[in-house]
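*Asks:* Sharing protein.cif, mmCIF, C-alpha atoms and all ligand atoms:
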data_coords
loop_
_atom_site.label_atom_id
_atom_site.label_comp_id
_atom_site.auth_asym_id
_atom_site.auth_seq_id
_atom_site.Cartn_x
_atom_site.Cartn_y
_atom_site.Cartn_z
CA MET A 1012 0.00 0.00 0.00
CA GLY A 1013 1.25 3.52 -0.81
CA ALA A 1014 1.31 6.61 1.37
CA MET A 1015 -1.80 7.69 3.24
CA ILE A 1016 -4.30 9.67 1.16
CA TYR A 1017 -5.28 12.71 3.19
CA LEU A 1018 -8.84 13.92 2.55
CA ASP A 1019 -9.40 15.83 5.79
CA ASN A 1020 -8.22 19.25 4.67
CA GLY A 1021 -11.46 20.81 5.92
CA ALA A 1022 -10.34 19.95 9.47
CA THR A 1023 -6.77 21.10 8.88
CA SER A 1024 -4.59 21.15 5.79
CA PHE A 1025 -1.88 18.49 5.62
CA PRO A 1026 0.86 18.45 4.59
CA LYS A 1027 1.91 22.08 4.61
CA PRO A 1028 4.15 23.47 1.89
CA GLU A 1029 7.81 22.70 2.61
CA GLU A 1030 8.42 26.47 2.90
CA VAL A 1031 6.16 26.61 5.97
CA TYR A 1032 8.18 24.01 7.91
CA THR A 1033 11.48 25.57 6.87
CA PHE A 1034 10.55 29.17 7.64
CA MET A 1035 8.93 28.34 11.01
CA ASP A 1036 11.91 26.35 12.14
CA GLY A 1037 14.50 28.85 10.89
CA PHE A 1038 12.70 31.93 12.16
CA TYR A 1039 12.04 30.53 15.61
CA ARG A 1040 15.69 29.45 15.94
CA SER A 1041 17.01 32.82 14.86
CA HIS A 1042 14.30 35.16 16.25
CA GLY A 1043 12.41 33.25 18.96
CA VAL A 1044 12.18 36.28 21.26
CA ASN A 1045 9.26 38.39 22.43
CA PRO A 1046 8.32 40.44 19.35
CA GLY A 1047 8.43 44.20 19.81
CA ARG A 1048 8.30 44.07 23.60
CA SER A 1049 11.99 44.75 24.09
CA GLY A 1050 14.31 47.30 22.54
CA PHE A 1051 16.94 45.01 21.01
CA ASP A 1052 17.37 44.26 17.32
CA LEU A 1053 16.07 40.67 17.36
CA SER A 1054 12.86 41.78 19.07
CA ARG A 1055 12.33 44.54 16.53
CA GLU A 1056 13.01 42.12 13.66
CA ALA A 1057 10.54 39.59 15.07
CA GLU A 1058 7.95 42.39 15.30
CA ALA A 1059 8.70 43.33 11.69
CA MET A 1060 7.82 39.77 10.58
CA VAL A 1061 4.56 39.93 12.57
CA ASP A 1062 3.79 43.28 10.98
CA GLU A 1063 4.61 41.92 7.51
CA THR A 1064 2.16 39.05 8.11
CA ARG A 1065 -0.56 41.52 9.12
CA GLY A 1066 0.15 43.27 5.82
CA LEU A 1067 0.00 40.05 3.76
CA LEU A 1068 -3.36 39.06 5.23
CA THR A 1069 -4.75 42.58 4.89
CA THR A 1070 -3.80 42.48 1.20
CA LEU A 1071 -5.33 39.02 0.80
CA PHE A 1072 -8.64 40.32 2.21
CA ASN A 1073 -8.33 43.66 0.41
CA GLY A 1074 -8.46 45.55 3.72
CA LYS A 1075 -7.20 49.10 4.04
CA ASP A 1076 -5.30 49.17 7.32
CA ARG A 1077 -2.96 46.39 8.44
CA ASN A 1078 -3.26 47.55 12.04
CA ARG A 1079 -6.85 46.36 12.04
CA LEU A 1080 -5.66 42.80 11.42
CA CYS A 1081 -5.52 41.19 14.89
CA PHE A 1082 -4.07 37.81 15.75
CA GLY A 1083 -5.69 35.27 18.08
CA TYR A 1084 -5.33 31.52 18.49
CA ASN A 1085 -7.75 30.29 15.82
CA ALA A 1086 -11.17 31.05 14.32
CA THR A 1087 -12.98 29.94 17.48
CA ASP A 1088 -11.01 32.41 19.56
CA ALA A 1089 -11.67 35.29 17.16
CA LEU A 1090 -15.37 34.41 16.80
CA ASN A 1091 -15.72 34.52 20.58
CA LEU A 1092 -14.08 37.96 20.64
CA VAL A 1093 -16.58 39.18 18.03
CA ILE A 1094 -19.70 37.60 19.52
CA HIS A 1095 -18.99 38.56 23.13
CA GLY A 1096 -17.57 41.94 22.09
CA LEU A 1097 -20.64 43.00 20.12
CA LEU A 1098 -23.57 41.46 21.98
CA GLY A 1099 -25.01 42.36 25.38
CA PRO A 1100 -28.27 42.02 27.32
CA GLY A 1101 -31.31 42.91 25.20
CA ASP A 1102 -29.50 42.40 21.88
CA HIS A 1103 -30.57 40.23 18.98
CA VAL A 1104 -28.31 38.36 16.54
CA VAL A 1105 -29.04 36.71 13.19
CA THR A 1106 -27.10 33.68 12.06
CA THR A 1107 -27.75 30.51 10.05
CA THR A 1108 -28.26 26.78 10.45
CA LEU A 1109 -25.04 26.25 8.48
CA GLU A 1110 -22.82 27.51 11.28
CA HIS A 1111 -20.03 25.69 13.06
CA ASN A 1112 -20.24 25.25 16.84
CA SER A 1113 -17.67 28.04 17.19
CA VAL A 1114 -20.53 30.40 16.27
CA LEU A 1115 -23.51 28.40 17.56
CA ARG A 1116 -22.17 27.72 21.03
CA PRO A 1117 -20.99 31.21 22.09
CA ILE A 1118 -24.33 32.59 20.89
CA HIS A 1119 -26.26 29.84 22.69
CA GLN A 1120 -24.29 30.60 25.85
CA LEU A 1121 -25.26 34.28 25.60
CA CYS A 1122 -28.89 33.34 25.01
CA LEU A 1123 -28.87 31.16 28.13
CA THR A 1124 -27.12 33.56 30.46
CA GLY A 1125 -26.61 36.93 28.76
CA GLY A 1126 -30.09 38.10 27.76
CA VAL A 1127 -29.42 37.74 24.02
CA GLU A 1128 -31.91 36.47 21.42
CA VAL A 1129 -31.04 34.68 18.18
CA ASP A 1130 -32.64 33.76 14.86
CA HIS A 1131 -31.15 30.87 12.88
CA VAL A 1132 -31.96 31.29 9.18
CA ARG A 1133 -32.31 28.01 7.29
CA CYS A 1134 -30.68 27.32 3.96
CA ASP A 1135 -32.59 26.00 0.94
CA ALA A 1136 -32.46 22.43 -0.35
CA LYS A 1137 -29.29 23.19 -2.30
CA GLY A 1138 -27.48 24.56 0.75
CA TYR A 1139 -27.73 28.33 0.20
CA VAL A 1140 -29.16 30.95 2.53
CA ASP A 1141 -31.52 33.52 0.98
CA PRO A 1142 -30.35 37.09 1.85
CA ASP A 1143 -34.01 38.18 1.99
CA ASP A 1144 -34.63 35.61 4.75
CA ILE A 1145 -31.80 37.19 6.72
CA GLN A 1146 -33.20 40.67 6.17
CA ARG A 1147 -36.66 39.55 7.30
CA CYS A 1148 -35.19 38.74 10.72
CA PHE A 1149 -33.83 42.25 11.31
CA ARG A 1150 -35.22 43.96 14.40
CA LYS A 1151 -34.56 47.30 16.06
CA ASN A 1152 -32.21 45.59 18.51
CA THR A 1153 -30.30 43.43 15.98
CA ARG A 1154 -26.63 44.12 16.75
CA LEU A 1155 -24.89 41.46 14.66
CA VAL A 1156 -25.34 39.27 11.60
CA ILE A 1157 -22.84 36.44 11.48
CA VAL A 1158 -22.66 33.96 8.61
CA THR A 1159 -20.23 31.28 7.54
CA HIS A 1160 -18.67 32.09 4.15
CA ALA A 1161 -18.72 28.40 3.18
CA SER A 1162 -20.25 25.49 5.01
CA ASN A 1163 -17.66 23.10 6.44
CA VAL A 1164 -20.19 20.29 5.96
CA ILE A 1165 -21.62 20.68 2.45
CA GLY A 1166 -19.16 23.21 0.99
CA THR A 1167 -21.70 25.72 -0.34
CA VAL A 1168 -20.45 29.33 -0.57
CA GLN A 1169 -23.01 31.79 0.77
CA PRO A 1170 -24.14 35.02 -0.98
CA ILE A 1171 -21.96 37.26 1.17
CA TRP A 1172 -22.15 40.40 -0.99
CA GLU A 1173 -25.96 40.35 -0.97
CA ILE A 1174 -26.21 39.69 2.78
CA GLY A 1175 -23.60 42.40 3.44
CA ALA A 1176 -25.52 44.92 1.34
CA ARG A 1177 -28.66 44.37 3.39
CA CYS A 1178 -26.71 44.69 6.66
CA ARG A 1179 -25.00 47.88 5.48
CA GLU A 1180 -28.34 49.41 4.56
CA ALA A 1181 -29.73 48.58 8.00
CA GLY A 1182 -26.55 49.67 9.83
CA ILE A 1183 -25.98 46.24 11.37
CA PRO A 1184 -22.39 44.92 11.73
CA PHE A 1185 -21.79 41.94 9.44
CA ALA A 1186 -19.24 39.30 10.44
CA VAL A 1187 -18.13 36.47 8.16
CA ASP A 1188 -16.65 33.20 9.40
CA ALA A 1189 -14.04 32.56 6.72
CA ALA A 1190 -12.51 29.49 8.40
CA GLN A 1191 -13.21 27.39 5.28
CA THR A 1192 -12.56 30.08 2.67
CA ALA A 1193 -9.55 32.22 3.61
CA GLY A 1194 -6.90 31.09 1.11
CA ALA A 1195 -9.43 28.87 -0.73
CA ILE A 1196 -11.53 31.45 -2.58
CA PRO A 1197 -11.16 35.23 -2.96
CA ILE A 1198 -12.30 37.44 -0.08
CA ASP A 1199 -12.65 41.19 -0.58
CA VAL A 1200 -13.96 42.98 2.49
CA GLU A 1201 -14.59 46.18 0.52
CA ALA A 1202 -16.39 44.68 -2.49
CA MET A 1203 -18.31 42.12 -0.41
CA ASN A 1204 -19.66 44.54 2.24
CA ILE A 1205 -17.95 42.67 5.06
CA ASP A 1206 -17.34 44.43 8.39
CA ILE A 1207 -15.43 41.68 10.16
CA VAL A 1208 -13.72 38.68 8.62
CA VAL A 1209 -12.56 35.85 10.89
CA PHE A 1210 -9.87 33.44 9.71
CA THR A 1211 -7.96 30.44 10.98
CA GLY A 1212 -4.34 29.87 10.02
CA HIS A 1213 -4.24 26.10 9.74
CA LYS A 1214 -6.71 25.32 6.95
CA SER A 1215 -6.42 26.84 3.46
CA LEU A 1216 -3.91 29.48 4.58
CA LEU A 1217 -1.60 26.48 5.06
CA GLY A 1218 -0.08 27.62 8.35
CA PRO A 1219 0.15 25.68 11.62
CA THR A 1220 -2.54 25.23 14.28
CA GLY A 1221 -2.77 27.78 17.10
CA ILE A 1222 -2.89 30.92 15.00
CA GLY A 1223 -5.88 32.77 13.56
CA GLY A 1224 -7.54 36.13 13.96
CA LEU A 1225 -9.77 38.75 12.42
CA TYR A 1226 -9.79 41.85 10.27
CA VAL A 1227 -12.09 44.64 11.48
CA ARG A 1228 -13.20 47.38 9.10
CA GLU A 1229 -12.86 50.98 10.20
CA GLY A 1230 -15.95 52.25 12.04
CA ILE A 1231 -16.78 48.91 13.69
CA ARG A 1232 -16.37 48.92 17.45
CA ILE A 1233 -15.85 45.56 19.12
CA GLY A 1234 -15.99 45.79 22.92
CA GLN A 1235 -13.10 44.35 24.91
CA THR A 1236 -13.89 41.15 26.77
CA ARG A 1237 -10.37 40.53 28.06
CA ALA A 1238 -7.52 42.70 29.28
CA GLY A 1239 -3.83 42.17 29.75
CA GLY A 1240 -0.35 42.82 28.48
CA THR A 1241 0.20 44.37 25.08
CA GLY A 1242 3.91 45.23 25.42
CA VAL A 1243 3.29 48.93 24.79
CA ARG A 1244 2.39 51.81 27.14
CA SER A 1245 2.56 49.55 30.16
CA ALA A 1246 1.82 52.37 32.63
CA VAL A 1247 -1.75 52.70 31.33
CA ARG A 1248 -4.10 50.79 33.67
CA THR A 1249 -6.75 49.92 31.07
CA HIS A 1250 -6.29 47.69 28.05
CA LEU A 1251 -5.33 49.75 24.98
CA GLU A 1252 -8.15 51.03 22.78
CA GLU A 1253 -6.22 51.13 19.51
CA TYR A 1254 -5.85 48.35 16.98
CA PRO A 1255 -4.28 45.84 16.77
CA TYR A 1256 -3.62 45.82 20.55
CA ARG A 1257 -7.32 46.38 21.26
CA LEU A 1258 -8.07 42.73 20.46
CA GLU A 1259 -4.69 41.12 21.19
CA TYR A 1260 -3.90 39.93 24.69
CA GLY A 1261 -0.52 38.66 25.90
CA THR A 1262 2.44 37.35 23.96
CA ILE A 1263 1.61 36.42 20.40
CA ASN A 1264 2.16 32.91 18.94
CA LEU A 1265 5.35 33.91 17.13
CA SER A 1266 6.20 30.56 15.52
CA GLY A 1267 2.54 30.33 14.47
CA VAL A 1268 2.71 33.73 12.81
CA ALA A 1269 5.95 32.70 11.08
CA GLY A 1270 4.31 29.57 9.68
CA LEU A 1271 1.28 31.58 8.63
CA ASN A 1272 3.52 34.14 6.95
CA ALA A 1273 5.08 31.38 4.81
CA GLY A 1274 1.69 29.76 4.18
CA VAL A 1275 0.08 32.99 3.01
CA ARG A 1276 3.07 33.79 0.80
CA TRP A 1277 2.79 30.31 -0.78
CA VAL A 1278 -0.95 30.83 -1.38
CA MET A 1279 -0.39 34.28 -2.89
CA ASP A 1280 2.47 33.08 -5.11
CA ARG A 1281 0.38 30.19 -6.41
CA GLY A 1282 -2.76 32.35 -6.62
CA VAL A 1283 -6.03 31.66 -4.79
CA ALA A 1284 -7.88 31.26 -8.11
CA GLU A 1285 -5.37 28.68 -9.39
CA ILE A 1286 -5.50 26.66 -6.16
CA HIS A 1287 -9.30 26.75 -6.30
CA ARG A 1288 -9.32 25.64 -9.94
CA HIS A 1289 -7.15 22.59 -9.11
CA GLU A 1290 -9.19 21.63 -6.05
CA MET A 1291 -12.54 22.03 -7.80
CA HIS A 1292 -11.35 19.94 -10.74
CA LEU A 1293 -10.67 17.15 -8.25
CA LEU A 1294 -14.00 17.73 -6.50
CA ALA A 1295 -15.88 17.32 -9.78
CA LEU A 1296 -13.99 14.05 -10.46
CA LEU A 1297 -14.86 12.83 -6.98
CA ARG A 1298 -18.52 13.74 -7.35
CA ASP A 1299 -18.85 12.10 -10.75
CA GLY A 1300 -17.13 8.95 -9.50
CA LEU A 1301 -19.16 8.62 -6.30
CA ARG A 1302 -22.47 9.17 -8.05
CA GLU A 1303 -21.91 6.00 -10.10
CA ILE A 1304 -21.71 3.84 -6.99
CA ARG A 1305 -24.75 1.91 -5.85
CA GLY A 1306 -25.80 2.84 -2.30
CA VAL A 1307 -24.06 6.24 -2.19
CA THR A 1308 -26.13 9.34 -1.33
CA THR A 1309 -24.47 12.71 -1.93
CA TYR A 1310 -25.60 16.04 -0.45
CA CYS A 1311 -25.79 19.49 -2.10
CA GLN A 1312 -23.23 18.85 -4.83
CA ASP A 1313 -25.22 19.59 -8.01
CA ASP A 1314 -23.89 23.05 -8.70
CA LEU A 1315 -20.18 23.33 -7.97
CA THR A 1316 -19.82 26.95 -9.10
CA ARG A 1317 -20.30 28.39 -5.61
CA HIS A 1318 -18.44 25.76 -3.68
CA VAL A 1319 -15.32 24.91 -1.74
CA PRO A 1320 -13.79 21.43 -2.12
CA VAL A 1321 -15.74 19.75 0.66
CA PHE A 1322 -17.83 16.70 -0.24
CA LEU A 1323 -20.50 15.08 1.94
CA PHE A 1324 -22.00 11.65 1.37
CA ASN A 1325 -23.32 8.51 3.04
CA ILE A 1326 -23.24 4.84 2.16
CA ALA A 1327 -26.45 2.84 2.55
CA GLY A 1328 -26.18 0.17 5.24
CA PHE A 1329 -23.50 2.02 7.24
CA GLU A 1330 -23.62 4.55 10.03
CA ALA A 1331 -21.20 7.24 8.92
CA GLU A 1332 -18.88 6.76 11.88
CA ALA A 1333 -18.48 3.06 11.15
CA THR A 1334 -16.86 3.85 7.82
CA GLY A 1335 -13.99 5.96 9.25
CA PRO A 1336 -11.96 2.96 10.44
CA LEU A 1337 -12.70 1.09 7.17
CA PHE A 1338 -11.29 3.98 5.13
CA ASP A 1339 -8.32 4.24 7.46
CA VAL A 1340 -7.39 0.62 8.05
CA ASP A 1341 -8.40 -0.99 4.76
CA HIS A 1342 -7.67 1.89 2.36
CA ASP A 1343 -5.24 4.24 4.14
CA ILE A 1344 -7.57 7.17 3.59
CA ALA A 1345 -7.95 9.90 6.23
CA CYS A 1346 -11.36 11.56 6.28
CA ARG A 1347 -13.88 12.89 8.77
CA THR A 1348 -17.15 11.23 9.74
CA GLY A 1349 -19.92 12.36 12.08
CA LEU A 1350 -21.46 15.80 12.60
CA HIS A 1351 -18.39 17.96 11.83
CA CYS A 1352 -19.15 20.37 14.73
CA ALA A 1353 -22.15 21.72 12.80
CA PRO A 1354 -25.22 19.91 14.16
CA LEU A 1355 -28.00 22.14 12.75
CA ILE A 1356 -27.13 21.48 9.11
CA HIS A 1357 -27.20 17.75 9.79
CA ASP A 1358 -30.70 18.18 11.29
CA HIS A 1359 -31.63 20.00 8.08
CA LEU A 1360 -30.21 17.26 5.83
CA GLY A 1361 -31.82 14.52 7.90
CA THR A 1362 -28.42 12.96 8.59
CA THR A 1363 -28.48 13.37 12.38
CA ALA A 1364 -30.49 10.14 12.63
CA VAL A 1365 -27.59 8.17 11.12
CA HIS A 1366 -25.07 10.08 13.27
CA GLY A 1367 -23.94 12.36 10.47
CA ALA A 1368 -22.19 11.66 7.22
CA ILE A 1369 -18.79 11.11 5.61
CA ARG A 1370 -16.77 14.16 4.53
CA PHE A 1371 -13.93 14.11 2.03
CA SER A 1372 -12.19 17.50 1.82
CA ILE A 1373 -9.56 18.23 -0.78
CA GLY A 1374 -6.37 20.29 -0.47
CA PRO A 1375 -3.78 21.72 -2.86
CA PHE A 1376 -1.53 18.65 -2.66
CA ASN A 1377 -4.19 16.10 -3.60
CA THR A 1378 -3.95 14.53 -7.04
CA GLU A 1379 -6.21 12.80 -9.56
CA SER A 1380 -4.73 9.50 -8.46
CA ASP A 1381 -5.84 10.22 -4.83
CA ILE A 1382 -9.36 10.80 -6.09
CA ARG A 1383 -9.39 7.61 -8.18
CA ALA A 1384 -8.24 5.64 -5.12
CA ALA A 1385 -10.88 7.32 -2.94
CA VAL A 1386 -13.67 6.46 -5.40
CA ALA A 1387 -12.45 2.84 -5.56
CA ALA A 1388 -12.39 2.68 -1.75
CA VAL A 1389 -15.96 3.94 -1.49
CA ALA A 1390 -17.05 1.41 -4.14
CA ASP A 1391 -15.37 -1.38 -2.18
CA ILE A 1392 -16.99 -0.39 1.13
CA ALA A 1393 -20.40 0.20 -0.48
CA SER A 1394 -20.33 -3.25 -2.15
CA MET A 1395 -20.25 -4.91 1.29
CA LYS A 1396 -23.85 -3.81 1.94
CA ASN A 1397 -25.09 -2.97 -1.56
CA PRO A 1398 -24.30 -5.95 -3.81
CA SER A 1399 -25.07 -5.40 -7.49
C1 LIG B 1401 -16.75 26.97 9.29
C2 LIG B 1401 -15.82 26.84 10.46
N1 LIG B 1401 -15.81 27.79 11.40
C3 LIG B 1401 -14.99 27.75 12.45
C4 LIG B 1401 -14.11 26.70 12.62
C5 LIG B 1401 -13.22 26.69 13.81
O1 LIG B 1401 -11.88 26.77 13.43
P1 LIG B 1401 -10.74 26.55 14.52
O2 LIG B 1401 -10.88 25.12 14.99
O3 LIG B 1401 -9.48 26.80 13.82
O4 LIG B 1401 -11.02 27.49 15.63
C6 LIG B 1401 -14.09 25.68 11.67
C7 LIG B 1401 -13.19 24.51 11.84
O5 LIG B 1401 -13.44 23.43 11.37
C8 LIG B 1401 -14.95 25.76 10.57
O6 LIG B 1401 -14.96 24.81 9.61
#
Please express what this file holds, its structure, as structure tokens.
Ligand SMILES: Cc1ncc(COP(=O)(O)O)c(C=O)c1O
*Replies:*
Amino acid sequence: MGAMIYLDNGATSFPKPEEVYTFMDGFYRSHGVNPGRSGFDLSREAEAMVDETRGLLTTLFNGKDRNRLCFGYNATDALNLVIHGLLGPGDHVVTTTLEHNSVLRPIHQLCLTGGVEVDHVRCDAKGYVDPDDIQRCFRKNTRLVIVTHASNVIGTVQPIWEIGARCREAGIPFAVDAAQTAGAIPIDVEAMNIDIVVFTGHKSLLGPTGIGGLYVREGIRIGQTRAGGTGVRSAVRTHLEEYPYRLEYGTINLSGVAGLNAGVRWVMDRGVAEIHRHEMHLLALLRDGLREIRGVTTYCQDDLTRHVPVFLFNIAGFEAEATGPLFDVDHDIACRTGLHCAPLIHDHLGTTAVHGAIRFSIGPFNTESDIRAAVAAVADIASMKNPS
């Protein structure tokens, strides 16, 4: 048997480009000091790399001010900063049934204990939210609309521009969870009417785990829900108001930023559109192959034009979770089964009853031969319960 075929890029991308490993290792060996907090050269140089990475990501999102690019640990961390920083007692928030638990749970927590109310807008049968349905939920006290850019379960890309236009008109801050899209498809905060974009470093930006963050458009005020060291103006007793320090607390994950720096540079050199073209070519091959197999049900994969390379399916006769070990042990394929931290969309698809579904998610290093092997593996497993 050959090397493992990795089809779990929606959880985290693997492997990373060689440049990411090399730059992280080299930079941390040569500059593993506290960036910017001390006056010596190495500290200033480390800060310069952090600042360069803010600039790269700001360019990638077409933001205007790199200082409004703040680093946190991951998308979950940044989403919590946004949700807790914008919502208080008496407020209302609109979100969707496509969301990941990193949006659903902080909001649910606030609804239980913080006097917040929520509307979850459903998607249609093809997996897309209607911007008019979002608008219909607006109330006088709506303080946030938060929507995933692409579903991590079915891969559909949501109509962000249209939702953003409605939020802008109503004066409601619009936050986009770009965990599945940053580095995978273009994001333009200006053209797409986005106020806050949240990213994670370890998926399509090809960096390591433990680094993520958000870009906040000018004019949006996120309240501070933490306080601590920023390394500047230490005599001031309150946490700093200005960006990026406003939303950064304590020593930054320097090796994480270094890896992210190399990952983003790799993505920009290759081109987001080119990476997407390659991944979607493989997704179409996968879809066409799986649809030929008796017993396979696929979800929301008819129109691949507004899609990221995430593919959801089930095999008749199997609970999704039972197939994970079969893919792993018998076929050396890594994938993700179950509910994928997004329970409401599984309720919508009717897959909760069978404990979820099987997700194959494609990355830039997958090949046609990986896809052929994956299709053959599914055919083999399906034939156990679905003889022809
Ligand atoms: C759509 C979506 N949002 C948020 C997250 C959370 O990302 P992280 O685990 O990096 O915080 C994920 C991770 O799978 C995701 O797919």
*Asks:* Write out as a list in words each polymer residue whose atoms come within 10 Å of Phe1329 in chain A, counting only C-alpha atoms; drop sequence neighbours fewer than 2 positions from it.
*Replies:*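 Counting only C-alpha atoms, the residues come to Gly1306, Asn1325, Ile1326, Ala1327, Ala1331, Glu1332, Ala1333, Thr1334, Val1365, Ala1368, Ile1392, Ala1393, Met1395 and Lys1396 of chain A.
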*Asks:* Go ahead and dump the residues you just picked, C-alpha atoms, as a PDB file, keeping the file's coordinate frame.
*Replies:*
ATOM      1  CA  GLY A1306     -25.800   2.840  -2.300  1.00  0.00           C
ATOM      2  CA  ASN A1325     -23.320   8.510   3.040  1.00  0.00           C
ATOM      3  CA  ILE A1326     -23.240   4.840   2.160  1.00  0.00           C
ATOM      4  CA  ALA A1327     -26.450   2.840   2.550  1.00  0.00           C
ATOM      5  CA  ALA A1331     -21.200   7.240   8.920  1.00  0.00           C
ATOM      6  CA  GLU A1332     -18.880   6.760  11.880  1.00  0.00           C
ATOM      7  CA  ALA A1333     -18.480   3.060  11.150  1.00  0.00           C
ATOM      8  CA  THR A1334     -16.860   3.850   7.820  1.00  0.00           C
ATOM      9  CA  VAL A1365     -27.590   8.170  11.120  1.00  0.00           C
ATOM     10  CA  ALA A1368     -22.190  11.660   7.220  1.00  0.00           C
ATOM     11  CA  ILE A1392     -16.990  -0.390   1.130  1.00  0.00           C
ATOM     12  CA  ALA A1393     -20.400   0.200  -0.480  1.00  0.00           C
ATOM     13  CA  MET A1395     -20.250  -4.910   1.290  1.00  0.00           C
ATOM     14  CA  LYS A1396     -23.850  -3.810   1.940  1.00  0.00           C
TER      15      LYS A1396
END
*Asks:* At a cut-off of 10 Å and counting all atoms listed in the file, what residues surround ligand LIG 1401 (chain B)? Please answer as a PDB file with C-alpha atoms, in the coordinates of the input.
*Replies:*
ATOM      1  CA  ASN A1020      -8.220  19.250   4.670  1.00  0.00           C
ATOM      2  CA  GLY A1021     -11.460  20.810   5.920  1.00  0.00           C
ATOM      3  CA  ALA A1022     -10.340  19.950   9.470  1.00  0.00           C
ATOM      4  CA  THR A1023      -6.770  21.100   8.880  1.00  0.00           C
ATOM      5  CA  GLY A1083      -5.690  35.270  18.080  1.00  0.00           C
ATOM      6  CA  TYR A1084      -5.330  31.520  18.490  1.00  0.00           C
ATOM      7  CA  ASN A1085      -7.750  30.290  15.820  1.00  0.00           C
ATOM      8  CA  ALA A1086     -11.170  31.050  14.320  1.00  0.00           C
ATOM      9  CA  THR A1087     -12.980  29.940  17.480  1.00  0.00           C
ATOM     10  CA  ASP A1088     -11.010  32.410  19.560  1.00  0.00           C
ATOM     11  CA  ALA A1089     -11.670  35.290  17.160  1.00  0.00           C
ATOM     12  CA  LEU A1090     -15.370  34.410  16.800  1.00  0.00           C
ATOM     13  CA  ASN A1091     -15.720  34.520  20.580  1.00  0.00           C
ATOM     14  CA  LEU A1109     -25.040  26.250   8.480  1.00  0.00           C
ATOM     15  CA  GLU A1110     -22.820  27.510  11.280  1.00  0.00           C
ATOM     16  CA  HIS A1111     -20.030  25.690  13.060  1.00  0.00           C
ATOM     17  CA  ASN A1112     -20.240  25.250  16.840  1.00  0.00           C
ATOM     18  CA  SER A1113     -17.670  28.040  17.190  1.00  0.00           C
ATOM     19  CA  VAL A1114     -20.530  30.400  16.270  1.00  0.00           C
ATOM     20  CA  LEU A1115     -23.510  28.400  17.560  1.00  0.00           C
ATOM     21  CA  VAL A1158     -22.660  33.960   8.610  1.00  0.00           C
ATOM     22  CA  THR A1159     -20.230  31.280   7.540  1.00  0.00           C
ATOM     23  CA  HIS A1160     -18.670  32.090   4.150  1.00  0.00           C
ATOM     24  CA  ALA A1161     -18.720  28.400   3.180  1.00  0.00           C
ATOM     25  CA  SER A1162     -20.250  25.490   5.010  1.00  0.00           C
ATOM     26  CA  ASN A1163     -17.660  23.100   6.440  1.00  0.00           C
ATOM     27  CA  VAL A1164     -20.190  20.290   5.960  1.00  0.00           C
ATOM     28  CA  GLY A1166     -19.160  23.210   0.990  1.00  0.00           C
ATOM     29  CA  VAL A1187     -18.130  36.470   8.160  1.00  0.00           C
ATOM     30  CA  ASP A1188     -16.650  33.200   9.400  1.00  0.00           C
ATOM     31  CA  ALA A1189     -14.040  32.560   6.720  1.00  0.00           C
ATOM     32  CA  ALA A1190     -12.510  29.490   8.400  1.00  0.00           C
ATOM     33  CA  GLN A1191     -13.210  27.390   5.280  1.00  0.00           C
ATOM     34  CA  THR A1192     -12.560  30.080   2.670  1.00  0.00           C
ATOM     35  CA  VAL A1209     -12.560  35.850  10.890  1.00  0.00           C
ATOM     36  CA  PHE A1210      -9.870  33.440   9.710  1.00  0.00           C
ATOM     37  CA  THR A1211      -7.960  30.440  10.980  1.00  0.00           C
ATOM     38  CA  GLY A1212      -4.340  29.870  10.020  1.00  0.00           C
ATOM     39  CA  HIS A1213      -4.240  26.100   9.740  1.00  0.00           C
ATOM     40  CA  LYS A1214      -6.710  25.320   6.950  1.00  0.00           C
ATOM     41  CA  PRO A1219       0.150  25.680  11.620  1.00  0.00           C
ATOM     42  CA  THR A1220      -2.540  25.230  14.280  1.00  0.00           C
ATOM     43  CA  GLY A1221      -2.770  27.780  17.100  1.00  0.00           C
ATOM     44  CA  ILE A1222      -2.890  30.920  15.000  1.00  0.00           C
ATOM     45  CA  GLY A1223      -5.880  32.770  13.560  1.00  0.00           C
ATOM     46  CA  GLY A1224      -7.540  36.130  13.960  1.00  0.00           C
ATOM     47  CA  HIS A1351     -18.390  17.960  11.830  1.00  0.00           C
ATOM     48  CA  CYS A1352     -19.150  20.370  14.730  1.00  0.00           C
ATOM     49  CA  ALA A1353     -22.150  21.720  12.800  1.00  0.00           C
TER      50      ALA A1353
END
*Asks:* With distances taken over all atoms listed in the file, which residue among A:Tyr1310, A:Phe1051, A:Phe1324, A:Trp1277 lies nearest Pro1375 in chain A?
*Replies:*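 Looking only at the distances to Pro1375 in chain A, the closest residue turns out to be A:Trp1277.
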*Asks:* My list of candidates is A:Gly1043, A:Gly1374, A:Pro1255, A:Gly1175. Which is closest to Arg1077 in chain A when distances are computed with only C-alpha atoms?
*Replies:* A:Pro1255
*Asks:* Which of these, A:Glu1379, A:Leu1155, A:Leu1080, A:Asn1204, has the shortest distance to Ala1176 in chain A once you count all atoms listed in the file?
*Replies:*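 Comparing A:Glu1379, A:Leu1155, A:Leu1080, A:Asn1204 against Ala1176 in chain A, the winner is A:Asn1204.
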*Asks:* Identify which of the residues A:Arg1302, A:Lys1137, A:Arg1276, A:Arg1257 lies closest to Thr1241 in chain A, counting only C-alpha atoms when measuring atom-to-atom distances.
*Replies:*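 So, comparing all the options, the nearest one is A:Arg1257.
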*Asks:* Given 6 Å of margin on each side, can you work out the centre and size in Å (one decimal) of an axis-aligned box holding every listed atom of range 1237-1242 of chain A, as lines of an AutoDock Vina configuration file?
*Replies:*
center_x = -3.2
center_y = 42.9
center_z = 27.4
size_x = 26.3
size_y = 16.7
size_z = 16.7
*Asks:* Report as a ChimeraX atom specification all protein, DNA and RNA residues lying within 8 Å of Thr1167 in chain A, evaluated on all atoms listed in the file, omitting residues in the same chain fewer than 4 positions from it.
*Replies:* /A:1138-1139,1161-1162,1311,1317-1319
